[in-house]
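File shown: query.txt (compact mmCIF, C-alpha atoms and all ligand atoms).
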```
# COMPACT_ATOMS: atom_id res chain seq x y z
CA MET X 1 13.76 4.00 11.56
CA SER X 2 16.34 5.31 9.15
CA LYS X 3 15.93 8.86 7.95
CA ILE X 4 14.28 9.44 4.58
CA THR X 5 16.07 11.88 2.28
CA ALA X 6 13.87 14.39 0.47
CA LEU X 7 14.44 14.15 -3.28
CA SER X 8 16.48 16.93 -4.80
CA LYS X 9 14.95 19.01 -7.60
CA GLU X 10 18.32 19.24 -9.37
CA ILE X 11 18.03 16.30 -11.73
CA GLU X 12 14.42 17.13 -12.61
CA THR X 13 15.38 19.76 -15.18
CA ALA X 14 17.83 17.37 -16.87
CA LEU X 15 15.21 14.62 -16.97
CA GLN X 16 12.65 17.00 -18.47
CA ARG X 17 15.18 18.09 -21.11
CA LYS X 18 15.94 14.46 -21.99
CA ILE X 19 12.20 13.74 -22.37
CA ASP X 20 11.67 16.83 -24.51
CA PHE X 21 14.37 15.71 -27.00
CA LYS X 22 12.47 12.46 -27.68
CA THR X 23 10.67 12.04 -31.00
CA LYS X 24 7.24 13.18 -29.83
CA PRO X 25 5.36 16.42 -29.31
CA ILE X 26 6.25 18.08 -25.99
CA GLY X 27 4.24 16.58 -23.13
CA SER X 28 2.51 14.01 -25.33
CA LEU X 29 3.32 11.03 -23.13
CA GLY X 30 1.30 12.64 -20.37
CA MET X 31 1.48 10.93 -17.03
CA LEU X 32 4.17 8.53 -18.27
CA GLU X 33 6.46 11.56 -18.36
CA ASN X 34 5.69 12.37 -14.71
CA ILE X 35 6.37 8.79 -13.72
CA ALA X 36 9.66 8.72 -15.64
CA ILE X 37 10.74 11.92 -13.91
CA LYS X 38 9.72 10.59 -10.52
CA ILE X 39 11.70 7.37 -10.88
CA GLY X 40 14.67 9.24 -12.37
CA ARG X 41 14.65 11.52 -9.32
CA ILE X 42 14.33 8.59 -6.91
CA GLN X 43 17.27 6.79 -8.53
CA ASN X 44 19.09 10.09 -9.19
CA THR X 45 19.87 9.14 -12.78
CA LEU X 46 18.80 9.95 -16.34
CA THR X 47 18.66 6.20 -17.03
CA PRO X 48 16.48 4.68 -14.28
CA LYS X 49 15.83 0.94 -14.32
CA ILE X 50 13.26 -1.21 -12.56
CA THR X 51 14.98 -4.25 -11.07
CA ALA X 52 13.47 -7.32 -9.40
CA PRO X 53 10.03 -5.72 -8.90
CA SER X 54 8.30 -7.26 -5.89
CA ILE X 55 4.99 -7.22 -4.08
CA VAL X 56 4.74 -8.15 -0.42
CA VAL X 57 1.32 -9.19 0.90
CA PHE X 58 0.96 -8.86 4.67
CA ALA X 59 -1.81 -10.89 6.34
CA GLY X 60 -3.35 -10.37 9.76
CA ASP X 61 -6.56 -10.89 11.68
CA HIS X 62 -8.74 -8.41 13.51
CA GLY X 63 -10.31 -8.93 16.94
CA ILE X 64 -13.27 -6.68 16.12
CA THR X 65 -14.60 -9.26 13.63
CA LYS X 66 -15.41 -11.66 16.48
CA SER X 67 -17.74 -9.27 18.34
CA LYS X 68 -19.18 -6.99 15.63
CA LYS X 69 -20.47 -7.46 12.10
CA VAL X 70 -18.10 -5.10 10.29
CA SER X 71 -17.48 -7.44 7.33
CA PRO X 72 -19.78 -9.82 5.47
CA TYR X 73 -17.04 -12.50 5.62
CA PRO X 74 -15.86 -14.55 8.62
CA GLN X 75 -12.39 -14.16 10.08
CA GLU X 76 -11.39 -17.64 8.83
CA VAL X 77 -11.22 -16.25 5.27
CA THR X 78 -7.91 -14.56 6.13
CA GLN X 79 -6.13 -17.87 6.77
CA GLN X 80 -7.93 -19.56 3.88
CA MET X 81 -6.71 -16.82 1.56
CA VAL X 82 -3.15 -17.24 2.86
CA PHE X 83 -3.32 -20.87 1.68
CA ASN X 84 -4.77 -19.64 -1.60
CA PHE X 85 -1.81 -17.24 -2.01
CA LEU X 86 0.63 -20.07 -1.24
CA ASN X 87 -1.11 -22.28 -3.81
CA GLY X 88 -1.01 -19.59 -6.49
CA GLY X 89 -4.77 -19.20 -6.82
CA ALA X 90 -5.50 -15.60 -5.77
CA ALA X 91 -5.88 -12.57 -8.04
CA ILE X 92 -2.51 -11.24 -6.89
CA ASN X 93 -0.82 -14.52 -7.88
CA VAL X 94 -2.25 -14.29 -11.38
CA PHE X 95 -1.24 -10.66 -11.94
CA CYS X 96 2.24 -11.15 -10.47
CA LYS X 97 2.80 -14.15 -12.72
CA GLN X 98 1.52 -12.18 -15.72
CA ASN X 99 3.83 -9.23 -15.06
CA LYS X 100 6.87 -11.15 -13.73
CA ILE X 101 6.63 -9.71 -10.24
CA ASN X 102 8.28 -11.48 -7.32
CA LEU X 103 5.50 -12.15 -4.77
CA LYS X 104 6.10 -12.62 -1.04
CA ILE X 105 3.45 -13.54 1.53
CA VAL X 106 3.91 -12.55 5.17
CA ASP X 107 2.07 -13.86 8.21
CA ALA X 108 1.98 -10.62 10.20
CA GLY X 109 -0.63 -11.85 12.66
CA VAL X 110 -3.07 -14.41 11.31
CA ASN X 111 -5.23 -16.33 13.79
CA ALA X 112 -3.86 -19.72 12.68
CA ASN X 113 -0.76 -21.85 12.84
CA PHE X 114 1.00 -22.43 9.54
CA ASP X 115 3.48 -25.22 8.85
CA GLU X 116 6.88 -24.09 7.71
CA ASN X 117 6.68 -23.11 4.06
CA LYS X 118 9.43 -21.49 2.04
CA GLU X 119 6.84 -19.30 0.33
CA LEU X 120 5.60 -17.85 3.65
CA ILE X 121 7.56 -15.32 5.71
CA SER X 122 6.67 -15.91 9.33
CA ALA X 123 6.52 -12.60 11.19
CA LYS X 124 3.57 -13.28 13.46
CA ILE X 125 3.22 -10.72 16.26
CA ALA X 126 0.12 -12.40 17.72
CA LYS X 127 -2.83 -14.45 16.53
CA GLY X 128 -4.88 -11.44 15.53
CA THR X 129 -5.35 -8.08 17.23
CA LYS X 130 -7.43 -7.40 20.32
CA ASP X 131 -11.00 -6.17 19.82
CA PHE X 132 -10.69 -2.38 19.57
CA SER X 133 -14.29 -1.88 20.64
CA LEU X 134 -12.95 -2.92 24.08
CA GLU X 135 -9.25 -2.03 24.18
CA LYS X 136 -6.27 -0.99 22.05
CA ALA X 137 -5.73 -3.37 19.11
CA MET X 138 -2.17 -4.06 20.26
CA THR X 139 0.38 -2.95 22.81
CA THR X 140 2.85 -0.23 21.96
CA LEU X 141 5.60 -2.85 22.11
CA GLN X 142 3.80 -5.08 19.61
CA CYS X 143 3.33 -2.08 17.35
CA LYS X 144 7.03 -1.25 17.43
CA ALA X 145 7.90 -4.90 16.78
CA ALA X 146 5.59 -4.90 13.74
CA LEU X 147 7.16 -1.70 12.37
CA GLU X 148 10.59 -3.30 12.78
CA LYS X 149 9.53 -6.54 11.06
CA GLY X 150 8.23 -4.60 8.08
CA LYS X 151 11.54 -2.83 7.86
CA GLU X 152 13.52 -6.09 8.03
CA ILE X 153 11.46 -7.74 5.27
CA VAL X 154 12.02 -4.81 2.90
CA ASN X 155 15.70 -4.78 3.70
CA ASN X 156 16.01 -8.43 2.68
CA LEU X 157 14.35 -7.74 -0.66
CA PHE X 158 16.59 -4.74 -1.22
CA GLN X 159 19.64 -6.98 -0.64
CA ASN X 160 18.25 -9.15 -3.45
CA LYS X 161 18.37 -6.28 -5.96
CA CYS X 162 14.73 -5.19 -5.67
CA ASN X 163 14.42 -1.44 -6.28
CA THR X 164 10.66 -1.26 -6.92
CA ILE X 165 8.24 -2.57 -4.34
CA GLY X 166 4.49 -2.73 -3.93
CA PHE X 167 2.53 -3.74 -0.87
CA GLY X 168 -0.72 -5.61 -0.43
CA GLU X 169 -2.71 -7.00 2.45
CA MET X 170 -5.20 -9.62 3.50
CA GLY X 171 -7.17 -9.35 6.71
CA ILE X 172 -10.91 -9.68 7.13
CA GLY X 173 -12.10 -6.51 8.88
CA ASN X 174 -9.17 -4.37 7.82
CA THR X 175 -11.25 -1.74 6.01
CA SER X 176 -12.45 -0.87 9.53
CA SER X 177 -8.90 -0.31 10.80
CA ALA X 178 -8.09 1.65 7.66
CA ALA X 179 -11.16 3.90 8.07
CA LEU X 180 -10.24 4.69 11.69
CA LEU X 181 -6.66 5.52 10.71
CA MET X 182 -7.90 7.60 7.79
CA SER X 183 -10.14 9.63 10.08
CA TYR X 184 -7.35 10.14 12.60
CA PHE X 185 -4.75 11.28 10.07
CA THR X 186 -6.96 13.29 7.70
CA LYS X 187 -9.40 14.65 10.31
CA ILE X 188 -12.25 13.72 7.96
CA GLY X 189 -15.24 12.60 10.07
CA ILE X 190 -15.29 8.83 10.58
CA GLU X 191 -18.71 8.47 8.91
CA ASN X 192 -17.14 9.74 5.67
CA CYS X 193 -14.22 7.33 5.93
CA VAL X 194 -16.19 4.11 6.39
CA GLY X 195 -17.13 2.17 3.27
CA LYS X 196 -18.72 -1.11 2.25
CA GLY X 197 -15.44 -3.06 2.24
CA THR X 198 -15.99 -6.52 0.80
CA GLY X 199 -19.65 -5.70 0.09
CA LEU X 200 -21.87 -4.76 3.01
CA ASP X 201 -25.38 -3.65 2.10
CA ASN X 202 -26.66 -0.21 3.11
CA GLU X 203 -27.92 -1.46 6.45
CA GLY X 204 -24.61 -3.21 7.14
CA LEU X 205 -22.75 -0.05 6.21
CA GLN X 206 -24.81 2.00 8.68
CA GLN X 207 -24.10 -0.54 11.40
CA LYS X 208 -20.36 -0.45 10.61
CA LYS X 209 -20.45 3.36 10.80
CA ASN X 210 -22.15 3.19 14.21
CA VAL X 211 -19.62 0.70 15.56
CA LEU X 212 -16.59 2.63 14.28
CA THR X 213 -17.92 6.00 15.47
CA GLU X 214 -18.08 4.55 18.96
CA VAL X 215 -14.61 3.00 18.66
CA TYR X 216 -13.16 6.30 17.46
CA GLN X 217 -14.73 8.28 20.29
CA LYS X 218 -13.65 5.73 22.88
CA HIS X 219 -9.96 5.99 22.00
CA ILE X 220 -9.30 9.37 20.45
CA LYS X 221 -8.42 11.17 23.68
CA ASN X 222 -5.67 8.63 24.46
CA ILE X 223 -3.85 8.89 21.13
CA ASP X 224 -0.89 11.25 21.10
CA SER X 225 1.33 10.01 18.26
CA PRO X 226 1.19 8.23 14.89
CA THR X 227 2.55 5.08 16.55
CA GLU X 228 -0.22 5.16 19.15
CA ALA X 229 -2.82 5.61 16.40
CA LEU X 230 -1.41 2.50 14.71
CA ALA X 231 -1.36 0.56 18.00
CA THR X 232 -4.93 1.55 18.83
CA PHE X 233 -6.63 1.00 15.48
CA GLY X 234 -4.15 -1.61 14.41
CA GLY X 235 -4.03 -4.42 12.12
CA PHE X 236 -0.61 -6.08 12.38
CA GLU X 237 -0.56 -6.20 8.59
CA ILE X 238 -1.21 -2.44 8.41
CA VAL X 239 1.50 -1.58 10.96
CA MET X 240 4.00 -3.85 9.23
CA MET X 241 3.19 -2.14 5.93
CA ALA X 242 3.80 1.27 7.52
CA GLY X 243 7.25 0.09 8.66
CA ALA X 244 7.90 -1.46 5.26
CA ILE X 245 6.94 1.74 3.43
CA LEU X 246 9.21 3.86 5.64
CA GLU X 247 12.14 1.53 5.09
CA ALA X 248 11.60 1.30 1.33
CA ALA X 249 11.74 5.10 1.15
CA ALA X 250 14.85 5.21 3.35
CA LEU X 251 16.48 2.79 0.88
CA LYS X 252 15.40 4.98 -2.07
CA MET X 253 13.18 2.33 -3.57
CA THR X 254 10.19 3.20 -5.75
CA ILE X 255 7.04 2.36 -3.78
CA LEU X 256 3.85 1.28 -5.53
CA ILE X 257 0.86 2.24 -3.41
CA ASP X 258 -2.22 0.05 -3.85
CA GLY X 259 -5.74 0.68 -2.48
CA PHE X 260 -7.54 1.90 0.61
CA ILE X 261 -5.75 -0.22 3.22
CA VAL X 262 -2.22 0.34 1.93
CA THR X 263 -2.91 4.06 1.65
CA SER X 264 -4.08 4.13 5.28
CA ALA X 265 -0.71 2.62 6.25
CA LEU X 266 0.97 5.29 4.13
CA LEU X 267 -0.94 8.00 6.04
CA ALA X 268 0.70 6.76 9.23
CA ALA X 269 4.12 6.55 7.55
CA ASN X 270 3.61 10.07 6.21
CA ALA X 271 2.82 11.35 9.70
CA ILE X 272 6.08 9.80 10.91
CA ASP X 273 8.17 11.19 8.02
CA LYS X 274 6.70 13.46 5.33
CA ASN X 275 9.54 12.74 2.88
CA VAL X 276 8.08 9.26 2.31
CA LEU X 277 5.69 10.68 -0.32
CA ASP X 278 8.59 11.52 -2.63
CA TYR X 279 9.09 7.78 -3.18
CA CYS X 280 5.46 6.77 -3.80
CA ILE X 281 3.59 6.14 -7.03
CA PHE X 282 -0.18 5.88 -6.59
CA THR X 283 -1.21 3.00 -8.78
CA HIS X 284 -5.01 3.29 -8.66
CA SER X 285 -8.10 4.77 -7.09
CA SER X 286 -10.02 2.03 -5.27
CA GLY X 287 -13.78 1.59 -5.35
CA GLU X 288 -13.80 1.75 -1.53
CA GLN X 289 -15.44 5.11 -0.86
CA GLY X 290 -12.73 6.62 1.36
CA HIS X 291 -9.82 6.00 -0.97
CA GLN X 292 -10.19 8.88 -3.40
CA LYS X 293 -10.62 11.19 -0.42
CA ILE X 294 -7.24 10.12 0.96
CA LEU X 295 -5.65 10.64 -2.45
CA ASP X 296 -7.18 14.14 -2.53
CA PHE X 297 -5.92 14.79 1.01
CA LEU X 298 -2.41 13.80 -0.09
CA LYS X 299 -2.85 15.85 -3.30
CA VAL X 300 -1.77 12.94 -5.49
CA LYS X 301 -3.05 11.51 -8.76
CA PRO X 302 -3.51 7.76 -9.26
CA ILE X 303 -2.57 6.05 -12.52
CA LEU X 304 -5.64 3.83 -12.90
CA ASN X 305 -9.31 4.02 -12.00
CA LEU X 306 -10.68 0.56 -12.68
CA GLY X 307 -13.12 0.28 -9.80
CA LEU X 308 -10.89 -2.34 -8.17
CA ARG X 309 -11.78 -2.88 -4.52
CA LEU X 310 -9.88 -6.01 -3.63
CA GLY X 311 -6.58 -5.10 -2.02
CA GLU X 312 -3.87 -7.82 -2.03
CA GLY X 313 -1.70 -5.37 -4.00
CA THR X 314 -3.70 -6.05 -7.17
CA GLY X 315 -3.77 -2.41 -8.32
CA ALA X 316 0.01 -2.19 -7.95
CA ALA X 317 0.53 -5.43 -9.88
CA VAL X 318 -1.75 -4.35 -12.74
CA ALA X 319 -0.10 -0.91 -12.97
CA LEU X 320 3.50 -2.16 -13.09
CA PRO X 321 3.67 -2.51 -16.91
CA ILE X 322 2.61 1.13 -17.25
CA ILE X 323 5.39 2.16 -14.89
CA GLN X 324 7.82 0.03 -16.90
CA SER X 325 6.67 1.82 -20.07
CA ALA X 326 7.72 5.08 -18.42
CA THR X 327 11.31 4.00 -17.75
CA LEU X 328 11.56 2.26 -21.14
CA PHE X 329 10.56 5.26 -23.22
CA LEU X 330 13.03 7.38 -21.27
CA ASN X 331 15.86 4.92 -21.93
CA GLU X 332 15.06 3.65 -25.41
CA MET X 333 13.22 6.26 -27.49
CA ALA X 334 15.21 8.03 -30.18
CA THR X 335 15.81 11.77 -30.07
CA PHE X 336 14.85 14.18 -32.87
CA GLU X 337 18.55 14.38 -33.73
CA SER X 338 19.37 10.65 -33.67
CA ALA X 339 16.30 9.76 -35.72
CA ASN X 340 16.54 12.70 -38.12
CA VAL X 341 13.07 13.99 -37.31
CA SER X 342 12.33 17.68 -37.73
CA GLU X 343 11.39 19.66 -34.65
CA ALA X 344 8.53 22.19 -34.42
C1 LIG W 401 -12.24 -13.96 -0.55
C2 LIG W 401 -11.61 -12.62 -0.24
C3 LIG W 401 -10.37 -12.29 -0.79
C4 LIG W 401 -9.80 -11.05 -0.50
N1 LIG W 401 -8.65 -10.48 -0.89
C5 LIG W 401 -8.55 -9.29 -0.37
N2 LIG W 401 -9.64 -9.01 0.36
C6 LIG W 401 -9.88 -7.73 0.99
O1 LIG W 401 -11.02 -7.69 1.83
C7 LIG W 401 -10.73 -7.53 3.20
C8 LIG W 401 -11.22 -6.24 3.75
O2 LIG W 401 -12.58 -6.07 3.66
P1 LIG W 401 -13.53 -6.13 4.94
O3 LIG W 401 -13.07 -5.05 5.87
O4 LIG W 401 -14.90 -5.90 4.39
O5 LIG W 401 -13.38 -7.51 5.55
C9 LIG W 401 -9.23 -7.60 3.29
O6 LIG W 401 -8.84 -8.89 3.59
C10 LIG W 401 -8.79 -7.17 1.91
O7 LIG W 401 -7.51 -7.44 1.58
C11 LIG W 401 -10.45 -10.11 0.31
C12 LIG W 401 -11.69 -10.44 0.87
C13 LIG W 401 -12.27 -11.69 0.61
C14 LIG W 401 -13.59 -12.04 1.21
O1 LIG W 402 -8.93 -0.71 -1.73
C1 LIG W 402 -8.67 -1.65 -1.01
O2 LIG W 402 -7.49 -1.86 -0.61
C2 LIG W 402 -9.75 -2.58 -0.53
C3 LIG W 402 -11.08 -2.28 -0.70
C4 LIG W 402 -12.04 -3.15 -0.26
C5 LIG W 402 -11.67 -4.32 0.35
N1 LIG W 402 -10.40 -4.61 0.50
C6 LIG W 402 -9.43 -3.76 0.07
```
Here is the file; what I need is its structure written in the form of structure tokens.
Amino acid sequence: MSKITALSKEIETALQRKIDFKTKPIGSLGMLENIAIKIGRIQNTLTPKITAPSIVVFAGDHGITKSKKVSPYPQEVTQQMVFNFLNGGAAINVFCKQNKINLKIVDAGVNANFDENKELISAKIAKGTKDFSLEKAMTTLQCKAALEKGKEIVNNLFQNKCNTIGFGEMGIGNTSSAALLMSYFTKIGIENCVGKGTGLDNEGLQQKKNVLTEVYQKHIKNIDSPTEALATFGGFEIVMMAGAILEAAALKMTILIDGFIVTSALLAANAIDKNVLDYCIFTHSSGEQGHQKILDFLKVKPILNLGLRLGEGTGAAVALPIIQSATLFLNEMATFESANVSEA
């Protein structure tokens, strides 16, 4: 993986000065000001622009769903939703269309064969992960291949002028993978990382907690690196997102972080290279119970809190216009001097 440069503080003062000359009381654009400064620092300019904003949805299946009831939905929903994405019918399609976001769908490891389709990026590592109640979700080699694929996909988008990128995912059972990764990277007990996902009832939640506590205890002694944590608790879509996030930061792109699953991939990326956080904007706090705890762990503030608990990158897609407002006010608002407005 390429090295991620930590952002310099130098331009921050100049950006703050530019914002403070705008025709508004100091600080009155609140979080929009923080976002403007962040993107200005990422792009190292006083006139940052968002170009070709894109969301990449990675899809993959999970072996655990075949042996244990960790999700109310069957594994087949992953492939069915991939068709739904390709046909334009999912929530993420609607929000991307609304906000003029370029949407890409990636088969990272779905348990199905897809015909060639120009809308689908084929990056299949395997037809779903292994059942982690029995063995590691994937081999170390598969994990490295998935990290590399994620990197390659982001690179292609970057070549096509994309400088702002969000990630989403689809994979029945992936809140289980995300909870295991969360527990590993934050050291918060697994029972406090597991949530209801797509809508388990209280009894289902308790059962999921029992299953994942056992899985965690079975593997924890064998994990000695972030890559091994990813390989063990897996999700090809999650590993590919971790690679994609690292590469986007290395390319100095602005990264829009979505919900619980994407943030679990970010935890792994962050353990590999801490500078990645400099490039991330946290678009929302998910309704999945562990998400706000990860945001607290990372000491970051999300833009929205709408109770979304869908994934697919929907929080990132809905938040994009707010992020665009931040760069637009910075570029287009008049100053006190240019507009002849008296200062305090
Ligand atoms: C129809 C449908 C569409 C979805 N879109 C995203 N997810 C979300 O739910 C899944 C994770 O939850 P769990 O771990 O409980 O299975 C992931 O696929 C996630 O992206 C969906 C789930 C369903 C059922
Ligand atoms: O926050 C998320 O990403 C999420 C929550 C529940 C189900 N799927 C995704």
Using all atoms listed in the file, tabulate the residues of chain X lying at most 6 Å from any atom of ligand LIG 402 (chain W), each with its closest atom pair and that distance in Å to one decimal, by chain and increasing residue number, as a Markdown table.
```
| residue | atom | partner | partner_atom | distance |
| --- | --- | --- | --- | --- |
| X:Gly197 | CA | W:LIG402 | C4 | 4.2 |
| X:Thr198 | CA | W:LIG402 | C5 | 4.9 |
| X:Gly259 | CA | W:LIG402 | O1 | 3.6 |
| X:Phe260 | CA | W:LIG402 | O1 | 3.8 |
| X:Ile261 | CA | W:LIG402 | O2 | 4.5 |
| X:Ser286 | CA | W:LIG402 | O1 | 4.6 |
| X:Glu288 | CA | W:LIG402 | C3 | 4.9 |
| X:Arg309 | CA | W:LIG402 | C3 | 3.9 |
| X:Leu310 | CA | W:LIG402 | C6 | 4.4 |
| X:Gly311 | CA | W:LIG402 | O2 | 3.6 |
```
Residues near region 207-220 of chain X, anyone? I mean within 9 Å using all atoms listed in the file, not counting same-chain ones fewer than 3 positions away, as a PDB file with C-alpha atoms, in the frame of the given file.
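As written to disk, selection-v4.pdb reads:
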```pdb
ATOM      1  CA  LYS X  68     -19.180  -6.990  15.630  1.00  0.00           C
ATOM      2  CA  LYS X  69     -20.470  -7.460  12.100  1.00  0.00           C
ATOM      3  CA  VAL X  70     -18.100  -5.100  10.290  1.00  0.00           C
ATOM      4  CA  SER X  71     -17.480  -7.440   7.330  1.00  0.00           C
ATOM      5  CA  PHE X 132     -10.690  -2.380  19.570  1.00  0.00           C
ATOM      6  CA  SER X 133     -14.290  -1.880  20.640  1.00  0.00           C
ATOM      7  CA  LEU X 134     -12.950  -2.920  24.080  1.00  0.00           C
ATOM      8  CA  GLU X 135      -9.250  -2.030  24.180  1.00  0.00           C
ATOM      9  CA  LYS X 136      -6.270  -0.990  22.050  1.00  0.00           C
ATOM     10  CA  SER X 176     -12.450  -0.870   9.530  1.00  0.00           C
ATOM     11  CA  SER X 177      -8.900  -0.310  10.800  1.00  0.00           C
ATOM     12  CA  ALA X 179     -11.160   3.900   8.070  1.00  0.00           C
ATOM     13  CA  LEU X 180     -10.240   4.690  11.690  1.00  0.00           C
ATOM     14  CA  SER X 183     -10.140   9.630  10.080  1.00  0.00           C
ATOM     15  CA  TYR X 184      -7.350  10.140  12.600  1.00  0.00           C
ATOM     16  CA  GLY X 189     -15.240  12.600  10.070  1.00  0.00           C
ATOM     17  CA  ILE X 190     -15.290   8.830  10.580  1.00  0.00           C
ATOM     18  CA  GLU X 191     -18.710   8.470   8.910  1.00  0.00           C
ATOM     19  CA  ASN X 192     -17.140   9.740   5.670  1.00  0.00           C
ATOM     20  CA  CYS X 193     -14.220   7.330   5.930  1.00  0.00           C
ATOM     21  CA  VAL X 194     -16.190   4.110   6.390  1.00  0.00           C
ATOM     22  CA  GLY X 195     -17.130   2.170   3.270  1.00  0.00           C
ATOM     23  CA  LYS X 196     -18.720  -1.110   2.250  1.00  0.00           C
ATOM     24  CA  LEU X 200     -21.870  -4.760   3.010  1.00  0.00           C
ATOM     25  CA  ASN X 202     -26.660  -0.210   3.110  1.00  0.00           C
ATOM     26  CA  GLU X 203     -27.920  -1.460   6.450  1.00  0.00           C
ATOM     27  CA  GLY X 204     -24.610  -3.210   7.140  1.00  0.00           C
ATOM     28  CA  ILE X 223      -3.850   8.890  21.130  1.00  0.00           C
ATOM     29  CA  ASP X 224      -0.890  11.250  21.100  1.00  0.00           C
ATOM     30  CA  ALA X 229      -2.820   5.610  16.400  1.00  0.00           C
ATOM     31  CA  THR X 232      -4.930   1.550  18.830  1.00  0.00           C
ATOM     32  CA  PHE X 233      -6.630   1.000  15.480  1.00  0.00           C
TER      33      PHE X 233
END
```
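What separates CA of Val276 (chain X) from CA of Lys187 (chain X) is a distance of 20.0 Å.
For the choices X:Cys280, X:Ala145, X:Cys96, X:Ile37, the atom-to-atom distance to Gly313 (chain X) is smallest for X:Cys96 when using only C-alpha atoms.
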Would you list the residues near (14.0, 14.4, -32.3) (no more than 10 Å away, in the coordinates of the file, using all atoms listed in the file) as a PDB file with C-alpha atoms, in the frame of the given file?
```pdb
ATOM      1  CA  ASP X  20      11.670  16.830 -24.510  1.00  0.00           C
ATOM      2  CA  PHE X  21      14.370  15.710 -27.000  1.00  0.00           C
ATOM      3  CA  LYS X  22      12.470  12.460 -27.680  1.00  0.00           C
ATOM      4  CA  THR X  23      10.670  12.040 -31.000  1.00  0.00           C
ATOM      5  CA  LYS X  24       7.240  13.180 -29.830  1.00  0.00           C
ATOM      6  CA  PRO X  25       5.360  16.420 -29.310  1.00  0.00           C
ATOM      7  CA  MET X 333      13.220   6.260 -27.490  1.00  0.00           C
ATOM      8  CA  ALA X 334      15.210   8.030 -30.180  1.00  0.00           C
ATOM      9  CA  THR X 335      15.810  11.770 -30.070  1.00  0.00           C
ATOM     10  CA  PHE X 336      14.850  14.180 -32.870  1.00  0.00           C
ATOM     11  CA  GLU X 337      18.550  14.380 -33.730  1.00  0.00           C
ATOM     12  CA  SER X 338      19.370  10.650 -33.670  1.00  0.00           C
ATOM     13  CA  ALA X 339      16.300   9.760 -35.720  1.00  0.00           C
ATOM     14  CA  ASN X 340      16.540  12.700 -38.120  1.00  0.00           C
ATOM     15  CA  VAL X 341      13.070  13.990 -37.310  1.00  0.00           C
ATOM     16  CA  SER X 342      12.330  17.680 -37.730  1.00  0.00           C
ATOM     17  CA  GLU X 343      11.390  19.660 -34.650  1.00  0.00           C
ATOM     18  CA  ALA X 344       8.530  22.190 -34.420  1.00  0.00           C
TER      19      ALA X 344
END
```
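One finds CA of Met240 (chain X) at 13.0 Å from CA of Leu141 (chain X).
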Name the closest residue to ligand LIG 401 (chain W) among the candidates X:Gly150, X:Gly109, X:Gly307, X:Pro74; distances are taken between atoms, counting all atoms listed in the file. X:Pro74
Report the distance between CA of Asn331 (chain X) and CA of Val318 (chain X) in Å, rounded to one decimal place. 21.9 Å
Extract, using all atoms listed in the file, all DNA, RNA and protein residues at most 9 Å from region 263-268 of chain X, discarding same-chain residues fewer than 4 positions from it, and format them as an MDAnalysis selection string. chainID X and resid 177:182 185:186 226:227 229:230 238:243 245:246 257:259 272:273 276:277 282 291 294:295 298
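All polymer residues at most 9 Å from (14.4, 0.2, -2.7), using only C-alpha atoms, appear as Val154, Asn155, Leu157, Phe158, Lys161, Cys162, Asn163, Thr164, Ile165, Glu247, Ala248, Ala249, Ala250, Leu251, Lys252, Met253, Thr254 and Ile255 of chain X.
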Export of prior selection with C-alpha atoms as a PDB file, in the coordinates of the input:
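Saved result, result_27.pdb, follows:
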```
ATOM      1  CA  VAL X 154      12.020  -4.810   2.900  1.00  0.00           C
ATOM      2  CA  ASN X 155      15.700  -4.780   3.700  1.00  0.00           C
ATOM      3  CA  LEU X 157      14.350  -7.740  -0.660  1.00  0.00           C
ATOM      4  CA  PHE X 158      16.590  -4.740  -1.220  1.00  0.00           C
ATOM      5  CA  LYS X 161      18.370  -6.280  -5.960  1.00  0.00           C
ATOM      6  CA  CYS X 162      14.730  -5.190  -5.670  1.00  0.00           C
ATOM      7  CA  ASN X 163      14.420  -1.440  -6.280  1.00  0.00           C
ATOM      8  CA  THR X 164      10.660  -1.260  -6.920  1.00  0.00           C
ATOM      9  CA  ILE X 165       8.240  -2.570  -4.340  1.00  0.00           C
ATOM     10  CA  GLU X 247      12.140   1.530   5.090  1.00  0.00           C
ATOM     11  CA  ALA X 248      11.600   1.300   1.330  1.00  0.00           C
ATOM     12  CA  ALA X 249      11.740   5.100   1.150  1.00  0.00           C
ATOM     13  CA  ALA X 250      14.850   5.210   3.350  1.00  0.00           C
ATOM     14  CA  LEU X 251      16.480   2.790   0.880  1.00  0.00           C
ATOM     15  CA  LYS X 252      15.400   4.980  -2.070  1.00  0.00           C
ATOM     16  CA  MET X 253      13.180   2.330  -3.570  1.00  0.00           C
ATOM     17  CA  THR X 254      10.190   3.200  -5.750  1.00  0.00           C
ATOM     18  CA  ILE X 255       7.040   2.360  -3.780  1.00  0.00           C
TER      19      ILE X 255
END
```
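Of the residues listed (X:Gln98, X:Gln142, X:Asn117, X:Ser225), X:Asn117 shows the shortest atom-to-atom separation from Phe83 (chain X); distances use only C-alpha atoms.
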Edge lengths and centre in Å to one decimal, as JSON, of the axis-aligned box that encloses all listed atoms of region 41-56 of chain X with 3 Å added on every side?
```
{"center_x": 12.3, "center_y": 1.7, "center_z": -8.7, "size_x": 21.1, "size_y": 25.7, "size_z": 22.6}
```
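Minimum atom-to-atom distance to ligand LIG 401 (chain W), evaluated using all atoms listed in the file, belongs to X:Lys66 out of X:Lys293, X:Lys38, X:Lys66, X:Lys301.
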Pick out the closest residue to ligand LIG 401 (chain W) from this set: X:Gly287, X:Gly128, X:Gly171, X:Gly234. Count only C-alpha atoms and all ligand atoms. X:Gly171
For Ile55 (chain X), please output as a PyMOL selection string all residues within 7 Å (counting only C-alpha atoms; exclusion window: fewer than 3 positions along the same chain). chain X and resi 101-104+165-168+313
Taking 2 positions as the minimum chain separation for residues in the same chain, which residues sit within 10 Å of Ala126 (chain X) when counting all atoms listed in the file? Answer as a ChimeraX atom specification. /X:60-61,107-112,123-124,128-130,138,142,236
